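For reference, final08.txt is printed below; it contains compact mmCIF, C-alpha atoms.
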# COMPACT_ATOMS: atom_id res chain seq x y z
CA MET R 1 30.16 8.78 5.26
CA THR R 2 31.23 12.11 3.86
CA LEU R 3 30.35 13.41 0.45
CA ASP R 4 33.96 13.00 -0.63
CA GLU R 5 33.93 9.36 0.37
CA ILE R 6 30.70 8.70 -1.52
CA ALA R 7 32.11 10.51 -4.53
CA SER R 8 35.32 8.51 -4.35
CA LEU R 9 33.29 5.30 -4.50
CA LEU R 10 30.77 6.35 -7.12
CA GLU R 11 32.78 8.38 -9.58
CA PRO R 12 35.13 5.59 -10.67
CA GLN R 13 31.99 3.73 -11.83
CA ILE R 14 30.67 6.57 -13.96
CA PRO R 15 32.62 5.84 -17.19
CA ALA R 16 31.29 2.28 -17.25
CA LEU R 17 27.75 3.38 -16.39
CA ARG R 18 27.89 5.91 -19.23
CA ARG R 19 29.11 3.29 -21.65
CA TYR R 20 26.38 0.81 -20.68
CA ALA R 21 23.75 3.55 -20.88
CA TRP R 22 24.96 4.67 -24.28
CA ALA R 23 25.04 1.11 -25.58
CA LEU R 24 21.40 0.73 -24.53
CA LEU R 25 20.18 4.10 -25.78
CA ARG R 26 22.66 5.28 -28.47
CA ASP R 27 22.05 8.89 -27.67
CA ASP R 28 24.55 10.96 -25.70
CA GLN R 29 22.03 13.14 -23.93
CA THR R 30 19.50 10.46 -23.09
CA ALA R 31 22.27 8.15 -21.93
CA ASP R 32 23.67 10.73 -19.55
CA ASP R 33 20.16 11.45 -18.30
CA LEU R 34 19.90 7.78 -17.41
CA VAL R 35 23.27 7.85 -15.65
CA GLN R 36 22.24 10.96 -13.76
CA ASP R 37 19.02 9.30 -12.63
CA THR R 38 21.05 6.27 -11.59
CA LEU R 39 23.49 8.29 -9.53
CA GLU R 40 20.73 10.32 -7.92
CA ARG R 41 18.93 7.19 -6.91
CA ALA R 42 22.14 5.65 -5.64
CA ILE R 43 22.86 8.72 -3.52
CA SER R 44 19.32 8.87 -2.16
CA ARG R 45 19.42 5.17 -1.27
CA TRP R 46 23.01 5.16 -0.15
CA ASN R 47 22.12 4.13 3.37
CA GLN R 48 19.84 1.35 2.17
CA ARG R 49 22.49 -0.51 0.21
CA ARG R 50 23.86 -3.65 1.77
CA LEU R 51 27.25 -2.93 3.22
CA ASP R 52 28.51 -6.36 2.21
CA GLY R 53 26.90 -5.96 -1.20
CA ASP R 54 28.68 -5.33 -4.45
CA LEU R 55 28.62 -1.62 -5.26
CA ARG R 56 29.23 -2.14 -8.96
CA ALA R 57 26.45 -4.68 -9.33
CA TRP R 58 24.14 -2.49 -7.26
CA LEU R 59 24.73 0.51 -9.52
CA PHE R 60 24.28 -1.42 -12.74
CA ALA R 61 21.11 -2.97 -11.38
CA ILE R 62 19.71 0.47 -10.55
CA GLN R 63 20.59 1.72 -14.01
CA ARG R 64 19.11 -1.24 -15.83
CA ASN R 65 15.91 -1.11 -13.81
CA LEU R 66 15.55 2.60 -14.56
CA PHE R 67 16.15 1.85 -18.23
CA LEU R 68 13.51 -0.88 -18.21
CA SER R 69 10.93 1.30 -16.52
CA SER R 70 11.56 4.09 -19.01
CA LEU R 71 11.17 1.50 -21.75
CA ARG R 72 7.86 0.36 -20.30
CA HIS R 73 6.80 3.95 -20.01
CA ARG R 74 7.60 4.64 -23.65
CA ARG R 75 5.98 1.41 -24.74
CA SER R 76 2.85 2.23 -22.83
CA ARG R 77 2.72 5.43 -24.84
CA GLY R 78 2.76 3.38 -27.98
CA VAL R 79 6.37 3.32 -29.10
CA HIS R 80 7.63 -0.21 -29.40
CA LEU R 81 11.26 -0.72 -28.49
CA GLY R 82 13.63 -3.54 -27.83
CA GLU R 83 12.54 -7.04 -27.03
CA ASP R 84 12.97 -9.43 -29.87
CA ALA R 85 13.77 -6.67 -32.28
CA LEU R 86 15.20 -9.37 -34.51
CA ASP R 87 11.69 -10.10 -35.67
CA ASP R 88 11.47 -6.51 -36.84
CA VAL R 89 14.82 -6.48 -38.57
CA PRO R 90 14.36 -6.16 -42.33
CA ALA R 91 15.11 -9.12 -44.55
CA PRO R 92 18.75 -9.39 -45.68
CA ASP R 93 18.00 -7.48 -48.88
CA GLY R 94 15.95 -5.02 -46.88
CA GLY R 95 16.19 -1.35 -46.02
CA PRO R 96 19.10 0.96 -46.73
CA GLU R 97 19.82 1.61 -43.06
CA ILE R 98 20.80 -1.99 -42.46
CA ARG R 99 22.88 -2.14 -45.61
CA ALA R 100 24.91 0.82 -44.46
CA ASP R 101 25.53 -0.54 -40.97
CA LEU R 102 26.13 -4.19 -41.55
CA HIS R 103 29.75 -4.14 -40.57
CA ASP R 104 28.92 -2.36 -37.31
CA VAL R 105 28.65 -4.76 -34.42
CA LEU R 106 26.12 -2.38 -32.83
CA THR R 107 23.66 -3.29 -35.56
CA GLY R 108 23.99 -6.86 -34.43
CA LEU R 109 23.50 -5.78 -30.85
CA ASP R 110 20.23 -4.18 -31.86
CA ALA R 111 19.07 -7.52 -33.17
CA LEU R 112 19.07 -8.93 -29.65
CA SER R 113 16.42 -8.71 -26.99
CA GLU R 114 17.17 -6.36 -24.11
CA GLU R 115 17.91 -9.31 -21.85
CA GLN R 116 20.47 -10.64 -24.28
CA ARG R 117 21.93 -7.22 -24.97
CA SER R 118 22.35 -6.49 -21.31
CA VAL R 119 24.07 -9.75 -20.46
CA LEU R 120 26.40 -9.31 -23.41
CA LEU R 121 27.27 -5.76 -22.38
CA LEU R 122 27.58 -6.39 -18.67
CA VAL R 123 29.82 -9.43 -19.05
CA GLY R 124 31.56 -8.83 -22.35
CA VAL R 125 32.11 -5.09 -22.15
CA GLU R 126 31.79 -4.01 -18.54
CA ASP R 127 33.67 -7.06 -17.27
CA LEU R 128 31.17 -7.86 -14.55
CA SER R 129 31.68 -11.29 -13.08
CA TYR R 130 28.99 -13.83 -13.86
CA GLU R 131 27.86 -13.53 -10.26
CA GLN R 132 27.59 -9.76 -10.57
CA ALA R 133 25.66 -10.12 -13.81
CA ALA R 134 23.28 -12.54 -12.10
CA GLN R 135 22.72 -9.94 -9.41
CA VAL R 136 22.12 -7.11 -11.88
CA LEU R 137 19.75 -9.14 -14.02
CA ASP R 138 18.18 -10.77 -10.98
CA ILE R 139 18.47 -14.25 -12.41
CA PRO R 140 20.32 -17.42 -11.30
CA LEU R 141 23.93 -17.88 -12.34
CA GLY R 142 23.05 -20.78 -14.63
CA THR R 143 20.56 -18.58 -16.47
CA VAL R 144 23.27 -15.97 -16.97
CA MET R 145 25.45 -18.56 -18.70
CA SER R 146 22.74 -19.92 -20.97
CA ARG R 147 21.48 -16.45 -21.81
CA LEU R 148 25.01 -15.34 -22.61
CA SER R 149 25.45 -18.39 -24.79
CA ARG R 150 22.24 -17.68 -26.72
CA ALA R 151 23.05 -13.99 -27.03
CA ARG R 152 26.46 -14.66 -28.53
CA ALA R 153 25.13 -17.28 -30.89
CA ARG R 154 22.39 -14.96 -32.05
CA LEU R 155 24.78 -12.08 -32.58
CA ARG R 156 27.12 -14.34 -34.52
CA GLU R 157 24.32 -15.68 -36.70
CA PHE R 158 22.99 -12.21 -37.34
CA MET R 159 26.38 -10.85 -38.32
CA GLU R 160 27.06 -13.88 -40.52
CA ASN R 161 23.72 -13.68 -42.31
CA GLY R 162 24.21 -9.99 -42.75
CA ARG R 163 27.57 -10.49 -44.37
CA SER R 164 26.33 -13.15 -46.74
CA ALA R 165 23.47 -10.85 -47.65
CA VAL R 166 25.95 -8.14 -48.52
CA LEU R 167 27.92 -10.61 -50.62
CA ARG R 168 24.80 -11.68 -52.47
CA ARG R 169 24.04 -8.10 -53.33
CA VAL R 170 27.57 -7.49 -54.58
CA LYS R 171 27.37 -10.46 -56.97
CA MET L 1 43.56 -31.72 -18.29
CA THR L 2 41.19 -32.41 -15.41
CA GLY L 3 38.60 -34.27 -17.43
CA GLU L 4 36.35 -34.56 -14.40
CA ARG L 5 33.36 -32.65 -15.68
CA PRO L 6 32.20 -32.64 -19.28
CA ILE L 7 32.65 -29.34 -21.09
CA GLY L 8 29.47 -27.25 -21.01
CA GLU L 9 28.22 -23.96 -22.44
CA ASP L 10 29.37 -22.22 -19.28
CA ASP L 11 32.92 -23.39 -20.02
CA LEU L 12 32.67 -22.14 -23.58
CA GLN L 13 31.37 -18.76 -22.45
CA ALA L 14 34.10 -18.46 -19.88
CA PHE L 15 36.54 -19.37 -22.63
CA VAL L 16 35.19 -16.53 -24.79
CA ASP L 17 35.58 -14.21 -21.80
CA ASP L 18 39.02 -15.59 -21.03
CA ARG L 19 37.98 -16.38 -17.48
CA LEU L 20 38.88 -20.05 -17.22
CA ALA L 21 41.27 -21.37 -14.62
CA PRO L 22 44.41 -22.75 -16.28
CA ALA L 23 43.49 -26.42 -15.88
CA ARG L 24 39.98 -25.93 -17.25
CA LEU L 25 41.34 -23.77 -20.06
CA GLU L 26 43.49 -26.64 -21.26
CA ALA L 27 40.50 -28.97 -21.16
CA VAL L 28 38.40 -26.59 -23.26
CA LYS L 29 41.21 -26.06 -25.75
CA ALA L 30 41.53 -29.80 -26.21
CA TYR L 31 37.75 -30.11 -26.55
CA LEU L 32 37.65 -27.43 -29.27
CA ALA L 33 40.69 -28.82 -31.06
CA ALA L 34 38.63 -31.91 -31.79
CA ARG L 35 35.63 -29.87 -33.01
CA PRO L 36 36.70 -27.43 -35.74
CA VAL L 37 33.20 -26.11 -36.53
CA MET L 38 32.52 -25.24 -32.92
CA ALA L 39 36.03 -23.85 -32.58
CA ALA L 40 35.37 -21.50 -35.50
CA GLN L 41 32.13 -20.30 -33.89
CA VAL L 42 33.88 -19.67 -30.60
CA GLU L 43 36.62 -17.82 -32.43
CA CYS L 44 33.97 -15.69 -34.11
CA GLU L 45 32.34 -14.91 -30.77
CA ILE L 46 35.69 -13.90 -29.31
CA GLU L 47 36.19 -11.58 -32.24
CA GLN L 48 32.73 -10.06 -31.83
CA ARG L 49 33.31 -9.57 -28.13
CA ARG L 50 36.50 -7.70 -28.96
CA ALA L 51 34.75 -5.65 -31.65
CA LEU L 52 31.96 -4.65 -29.27
CA ARG L 53 34.43 -3.55 -26.62
CA GLU L 54 36.38 -1.57 -29.15
CA ARG L 55 33.25 0.00 -30.59
CA LEU L 56 32.05 1.17 -27.16
CA ALA L 57 35.39 2.07 -25.62
CA PHE L 58 35.17 5.73 -26.65
CA LYS L 59 32.29 6.36 -24.25
CA ALA L 60 34.20 5.27 -21.18
CA GLU L 61 37.16 7.35 -22.24
CA GLU L 62 35.23 10.59 -22.46
CA PRO L 63 35.70 13.04 -19.59
CA ILE L 64 32.84 12.86 -17.10
CA PRO L 65 30.32 15.67 -17.72
CA SER L 66 30.14 18.04 -14.79
CA ARG L 67 26.43 17.39 -14.30
CA LEU L 68 27.34 13.81 -13.33
CA ARG L 69 29.86 14.86 -10.70
CA ILE L 70 28.66 13.59 -7.33
CA ALA L 71 29.25 16.92 -5.62
CA ASN L 72 27.08 18.65 -8.22
CA LEU L 73 24.36 16.04 -7.96
CA VAL L 74 24.31 16.30 -4.20
CA ALA L 75 24.20 20.07 -4.33
CA ALA L 76 21.29 19.94 -6.76
CA ARG L 77 19.56 17.40 -4.58
CA ARG L 78 19.99 19.56 -1.49
CA ARG L 79 18.43 22.46 -3.33
CA ARG L 80 15.51 20.29 -4.29
CA SER L 81 15.07 18.59 -0.95
CA LEU L 82 14.97 22.02 0.59
CA VAL L 83 11.89 22.49 -1.47
CA ARG L 84 10.17 19.14 -1.58
CA PRO L 85 9.73 17.98 2.03
CA ALA L 86 9.22 21.58 3.03
CA THR L 87 6.45 21.87 0.50
CA VAL L 88 4.69 18.96 2.10
CA ALA L 89 5.18 20.42 5.54
CA ALA L 90 4.05 23.78 4.31
CA ALA L 91 1.00 22.26 2.73
CA MET L 92 0.18 20.63 6.03
CA ALA L 93 0.79 23.90 7.74
CA TRP L 94 -1.79 25.65 5.67
CA LEU L 95 -4.20 22.79 5.98
CA ALA L 96 -3.73 23.04 9.71
CA ILE L 97 -4.69 26.67 9.55
CA GLY L 98 -7.71 25.74 7.55
CA ALA L 99 -8.65 23.10 10.09
CA VAL L 100 -8.44 25.66 12.84
CA LEU L 101 -10.53 28.13 10.94
CA GLY L 102 -12.92 25.51 9.69
CA ALA L 103 -13.58 23.96 13.06
CA ALA L 104 -14.32 27.33 14.54
CA GLY L 105 -16.44 28.48 11.67
CA GLY L 106 -18.59 25.47 10.91
CA ALA L 107 -21.79 27.45 10.79
CA TRP L 108 -20.59 29.46 7.83
CA TRP L 109 -19.42 26.55 5.72
CA SER L 110 -22.50 26.31 3.61
CA SER L 111 -22.79 29.99 2.87
CA GLY L 112 -20.92 32.10 0.39
CA ARG L 113 -20.16 31.59 -3.22
CA GLN L 114 -18.67 28.32 -4.26
CA GLY L 115 -16.55 27.13 -7.09
CA GLN L 116 -14.03 29.91 -7.26
CA THR L 117 -10.87 28.46 -8.58
CA ILE L 118 -7.69 28.48 -6.67
CA ALA L 119 -5.97 29.91 -9.74
CA SER L 120 -8.12 33.02 -9.82
CA ALA L 121 -7.55 33.48 -6.10
CA ALA L 122 -3.83 33.34 -6.68
CA ASP L 123 -4.06 35.83 -9.53
CA SER L 124 -6.07 38.25 -7.42
CA ALA L 125 -3.78 37.78 -4.44
CA ILE L 126 -0.64 38.38 -6.46
CA ALA L 127 -2.16 41.45 -8.08
CA ALA L 128 -3.13 42.81 -4.66
CA HIS L 129 0.30 41.97 -3.35
CA ARG L 130 1.93 43.95 -6.14
CA ILE L 131 -0.22 47.00 -5.63
CA TYR L 132 -0.23 47.27 -1.86
CA VAL L 133 3.17 45.96 -0.88
CA SER L 134 4.88 48.77 -2.74
CA GLU L 135 2.60 51.31 -1.12
CA ARG L 136 4.62 53.40 1.34
CA LEU L 137 2.03 55.69 2.85
CA HIS L 138 -1.05 53.51 3.07
CA PRO L 139 -0.15 49.86 2.66
CA VAL L 140 -2.98 48.85 5.00
CA GLU L 141 -6.36 50.16 6.02
CA VAL L 142 -6.23 48.97 9.59
CA PRO L 143 -2.81 48.87 11.22
CA GLY L 144 -1.42 45.83 13.02
CA ASP L 145 -1.67 47.41 16.44
CA GLN L 146 -5.43 47.05 16.10
CA GLU L 147 -5.14 43.36 15.30
CA ALA L 148 -8.22 42.23 17.19
CA HIS L 149 -10.38 44.80 15.46
CA LEU L 150 -8.80 44.04 12.08
CA VAL L 151 -9.38 40.31 12.34
CA GLN L 152 -12.93 40.71 13.56
CA TRP L 153 -13.76 43.18 10.81
CA LEU L 154 -12.25 41.12 7.99
CA SER L 155 -13.82 37.90 9.30
CA ARG L 156 -17.24 39.51 9.23
CA ARG L 157 -16.78 40.89 5.72
CA VAL L 158 -15.29 37.71 4.26
CA GLY L 159 -17.91 35.64 6.01
CA ARG L 160 -15.48 33.27 7.66
CA PRO L 161 -13.57 33.44 10.91
CA LEU L 162 -10.03 34.46 10.09
CA VAL L 163 -6.82 34.64 12.05
CA ALA L 164 -3.66 36.59 11.47
CA PRO L 165 -0.85 34.06 12.00
CA ASN L 166 1.98 35.16 14.27
CA LEU L 167 5.15 35.23 12.18
CA GLY L 168 7.35 36.94 14.78
CA ALA L 169 9.77 34.06 14.98
CA GLN L 170 10.33 34.35 11.24
CA GLY L 171 11.14 38.01 11.62
CA TYR L 172 7.83 39.20 10.22
CA ARG L 173 5.39 41.30 12.14
CA LEU L 174 1.82 42.07 11.19
CA ILE L 175 1.61 45.60 9.88
CA GLY L 176 -2.08 45.41 9.22
CA GLY L 177 -4.66 44.42 6.67
CA ARG L 178 -7.26 45.57 4.25
CA LEU L 179 -10.49 44.59 2.61
CA LEU L 180 -10.38 43.86 -1.13
CA PRO L 181 -13.06 43.38 -3.73
CA ASP L 182 -12.62 40.18 -5.67
CA SER L 183 -15.14 38.96 -8.24
CA GLY L 184 -17.94 40.65 -6.37
CA GLN L 185 -17.00 39.32 -2.98
CA ALA L 186 -14.91 40.50 -0.11
CA ALA L 187 -11.39 39.25 0.37
CA ALA L 188 -9.00 39.84 3.25
CA LEU L 189 -5.36 40.77 2.90
CA PHE L 190 -3.01 40.61 5.86
CA MET L 191 0.38 42.21 5.39
CA TYR L 192 3.59 41.44 7.24
CA GLU L 193 6.96 43.10 7.16
CA ASN L 194 10.42 42.12 8.36
CA GLU L 195 13.22 44.36 9.58
CA GLY L 196 14.66 44.57 6.10
CA GLY L 197 11.40 46.09 4.91
CA ASN L 198 10.43 43.00 2.93
CA ARG L 199 6.73 42.36 2.93
CA LEU L 200 4.58 39.30 2.53
CA THR L 201 0.84 39.02 2.26
CA LEU L 202 -1.70 36.42 3.29
CA TYR L 203 -4.84 36.58 1.24
CA ALA L 204 -8.10 34.85 2.11
CA ARG L 205 -11.51 34.81 0.53
CA ALA L 206 -14.54 32.59 0.57
CA GLY L 207 -14.72 30.11 -2.26
CA GLY L 208 -13.90 26.60 -3.30
CA GLY L 209 -16.63 24.98 -1.25
CA ALA L 210 -15.82 22.32 1.28
CA GLU L 211 -13.17 20.77 -0.97
CA GLN L 212 -9.58 20.63 0.06
CA THR L 213 -6.83 21.14 -2.47
CA SER L 214 -3.18 20.37 -2.20
CA PHE L 215 -0.66 23.10 -1.95
CA ARG L 216 0.12 24.91 -5.14
CA PHE L 217 3.11 27.06 -5.97
CA GLU L 218 3.44 29.66 -8.64
CA THR L 219 5.49 32.67 -9.56
CA GLU L 220 4.52 35.76 -11.43
CA GLY L 221 7.53 37.82 -12.22
CA ASP L 222 9.46 38.14 -8.99
CA VAL L 223 6.48 37.31 -6.78
CA SER L 224 6.16 33.78 -5.44
CA ALA L 225 2.89 32.45 -4.09
CA PHE L 226 1.57 29.37 -2.36
CA SER L 227 -2.15 28.83 -2.61
CA TRP L 228 -4.68 26.25 -1.52
CA ILE L 229 -8.34 25.83 -0.71
CA ASP L 230 -9.64 24.41 2.50
CA ASN L 231 -13.06 24.39 4.08
CA GLY L 232 -14.57 27.02 1.91
CA LEU L 233 -11.68 29.45 1.96
CA SER L 234 -9.09 30.16 -0.67
CA TYR L 235 -5.74 31.13 0.77
CA VAL L 236 -2.73 32.64 -0.94
CA VAL L 237 0.54 33.65 0.65
CA SER L 238 2.72 35.83 -1.56
CA ALA L 239 6.11 37.44 -1.28
CA ARG L 240 8.69 38.92 -3.54
CA THR L 241 11.14 36.16 -2.83
CA GLU L 242 12.32 32.74 -3.85
CA ARG L 243 10.21 29.70 -3.23
CA ALA L 244 12.88 28.38 -0.88
CA GLN L 245 12.68 31.53 1.22
CA LEU L 246 8.92 31.47 1.40
CA LEU L 247 8.80 27.87 2.53
CA PRO L 248 10.50 28.15 5.94
CA ILE L 249 7.81 30.66 6.81
CA ALA L 250 5.13 28.20 5.89
CA GLU L 251 6.93 25.49 7.82
CA ALA L 252 7.15 27.71 10.86
CA ILE L 253 3.44 28.39 10.65
CA TYR L 254 2.85 24.68 10.46
CA ARG L 255 4.78 24.13 13.67
CA GLN L 256 3.03 27.04 15.27
CA PHE L 257 -0.41 25.69 14.46
CA GLU L 258 0.59 22.17 15.32
CA ALA L 259 1.54 23.44 18.75
CA THR L 260 -1.81 25.18 19.14
CA GLY L 261 -3.63 22.28 17.55
CA ASP L 262 -6.77 22.61 19.64
CA PRO L 263 -9.02 25.10 17.82
CA ALA L 264 -10.41 26.23 21.13
CA LYS L 265 -6.99 27.54 22.06
CA SER L 266 -6.46 29.37 18.82
CA ARG L 267 -6.32 33.08 18.77
CA LEU L 268 -9.68 33.44 17.18

Can you dump the structure from the file as structure tokens?
Amino acid sequence: MTLDEIASLLEPQIPALRRYAWALLRDDQTADDLVQDTLERAISRWNQRRLDGDLRAWLFAIQRNLFLSSLRHRRSRGVHLGEDALDDVPAPDGGPEIRADLHDVLTGLDALSEEQRSVLLLVGVEDLSYEQAAQVLDIPLGTVMSRLSRARARLREFMENGRSAVLRRVK
Amino acid sequence: MTGERPIGEDDLQAFVDDRLAPARLEAVKAYLAARPVMAAQVECEIEQRRALRERLAFKAEEPIPSRLRIANLVAARRRRSLVRPATVAAAMAWLAIGAVLGAAGGAWWSSGRQGQTIASAADSAIAAHRIYVSERLHPVEVPGDQEAHLVQWLSRRVGRPLVAPNLGAQGYRLIGGRLLPDSGQAAALFMYENEGGNRLTLYARAGGGAEQTSFRFETEGDVSAFSWIDNGLSYVVSARTERAQLLPIAEAIYRQFEATGDPAKSRL
């Protein structure tokens, strides 16, 4: 396969990979670093991918796994990130940062575990099929559906509680 | 309405994602119509899904940064791969040289000063390279046409059997060598030159004990150097060139020594 052919397959996926990376990291530079790592790995393993496999799912899986290993790396250096961040979210009448951002759905996204965030982003934003999401997350299809269900319920509850908290403060 | 299977959370999620087949869609709509609280929650989730998409849409609409262009990534990767595998091969090349020297010089292994660091060897080698490579009249003490004498002399002074690798295929010929003082010991410097007048040096001195280090690359100004320690000798190859240009030479030496793998057949 020529370079042009590889580029013609990979490049249409880049906008979505950048969006997923940014949603996970919220920093332009770091997000593009993650995408670059993803693409480099994809190119270097191009011949190892299954020809009948789903390119999109393969790429998102690479990116998520790279994200998770960077997360582990950071955590092992003592910075806690992600997983069940809801427990760390300030009480409704808590810090100023949450008050300012309550209407932003990204704040709600932050309240989810990485697993929930990823399924929500992959299905709800990147329009991956449930099968593709199962492949990316390396879980059975049924688990995708229940995880998606829990993620959406949690986001809804968080956003609702947040709003009522704002209302209480206004009173 | 099919009504065959009861409505489950997978149906509700697919409803939120608008992915239901028409018949199932009708079934879910009817199910929700009878459950206003659940219907309101589903409505809320649909709205949040839409909000999330809208909030993140900007990122996918941005132009792709040039550093993420596949052609650029591949080009960068080629530049790197030129270096990486070659570095390994080059490292093996120099270890092969060391093996040749070491096997032939076993009796001397335990003598000589130990513990000299590879870094100080590289510093000395690069300094010597700078001084003598630019020397027009007397770059070497013993010219390359007296190679046998040169090698024998330097081996005796350094205290280890040395060889002057043949770099003819790389366009470099031995123009000679000299003896150098280095931290109170003798060090050998072989100098090579190509047709363009570019020179490279191979520096060797006793030190580092019987340990074996991996290949190490450094630059000082415009001089690049690869250094390593093997079997009681510190080696440094230096040239005023890019790392990528220095590596093929090392690779070639690797192949050369691989071909003459038996120490008994070496030129020593």

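In this comparison, which uses all atoms listed in the file, the residue of L:Arg19, L:Glu193, L:Ile7, L:Arg243 approaching L:Leu32 most closely is L:Ile7.
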
(request) Identify all chain L residues at most 8 Å from chain R by counting all atoms listed in the file; ligands do not count. Present them as a ChimeraX atom specification. (result) /L:9-10,13,17,41,44-45,48-49,51-53,55-57,59-62,64,67-71,73-74,77

(message) Env of L:Ala39: 12 Å cut, atoms = only C-alpha atoms, seq-sep filter 3 positions within chain, self excluded. Answer as JSON, numbers by chain.
(response) {"L": [12, 15, 16, 28, 29, 30, 31, 32, 33, 34, 35, 36, 42, 43, 44, 45, 46]}

(message) Please list as a ChimeraX atom specification every residue within 8 Å of stretch 177-190 of chain L, counting only C-alpha atoms and excluding residues in the same chain fewer than 6 positions away.
(response) /L:124,140-144,150,154-155,157-158,164,201-206

(message) Just to confirm, what's the straight-line distance from atom CA of R:Ala111 to atom CA of R:Leu68 in Å (one decimal)?
(response) 17.3 Å

(message) I'd like the neighbourhood of L:Glu147 as an NGL selection string, where a residue qualifies if any of its atoms comes within 10 Å (using all atoms listed in the file), though same-chain residues fewer than 6 positions away should be ignored.
(response) :L and (153 or 163-164 or 174-177)

Would you compute an axis-aligned box for stretch 136-147 of chain R, covering every atom listed for it in the file with 3 Å of margin on each side, and report centre and edge lengths in Å to one decimal as AutoDock Vina command-line options?
--center_x 21.8 --center_y -13.9 --center_z -16.4 --size_x 13.3 --size_y 19.7 --size_z 16.8

(request) Give me, please, the distance in Å between atom CA of L:His149 and atom CA of L:Tyr172, quoted to one decimal. (result)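 Atom CA of L:Tyr172 lies 19.8 Å from atom CA of L:His149.
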
(message) My list of candidates is R:Ala134, R:Val119, R:Met1, R:Ile62. Which is closest to R:Leu34 when distances are computed with all atoms listed in the file?
(response) R:Ile62

(request) Give the answer as one residue: which of R:Leu137, R:Arg41, R:Leu55, R:Glu131 has the shortest atom-to-atom distance to R:Arg117, using only C-alpha atoms? (result)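 With only C-alpha atoms as the atom set, the closest residue is R:Leu137.
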
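Atom CA of L:Val223 is positioned 14.6 Å from atom CA of L:Ala121.
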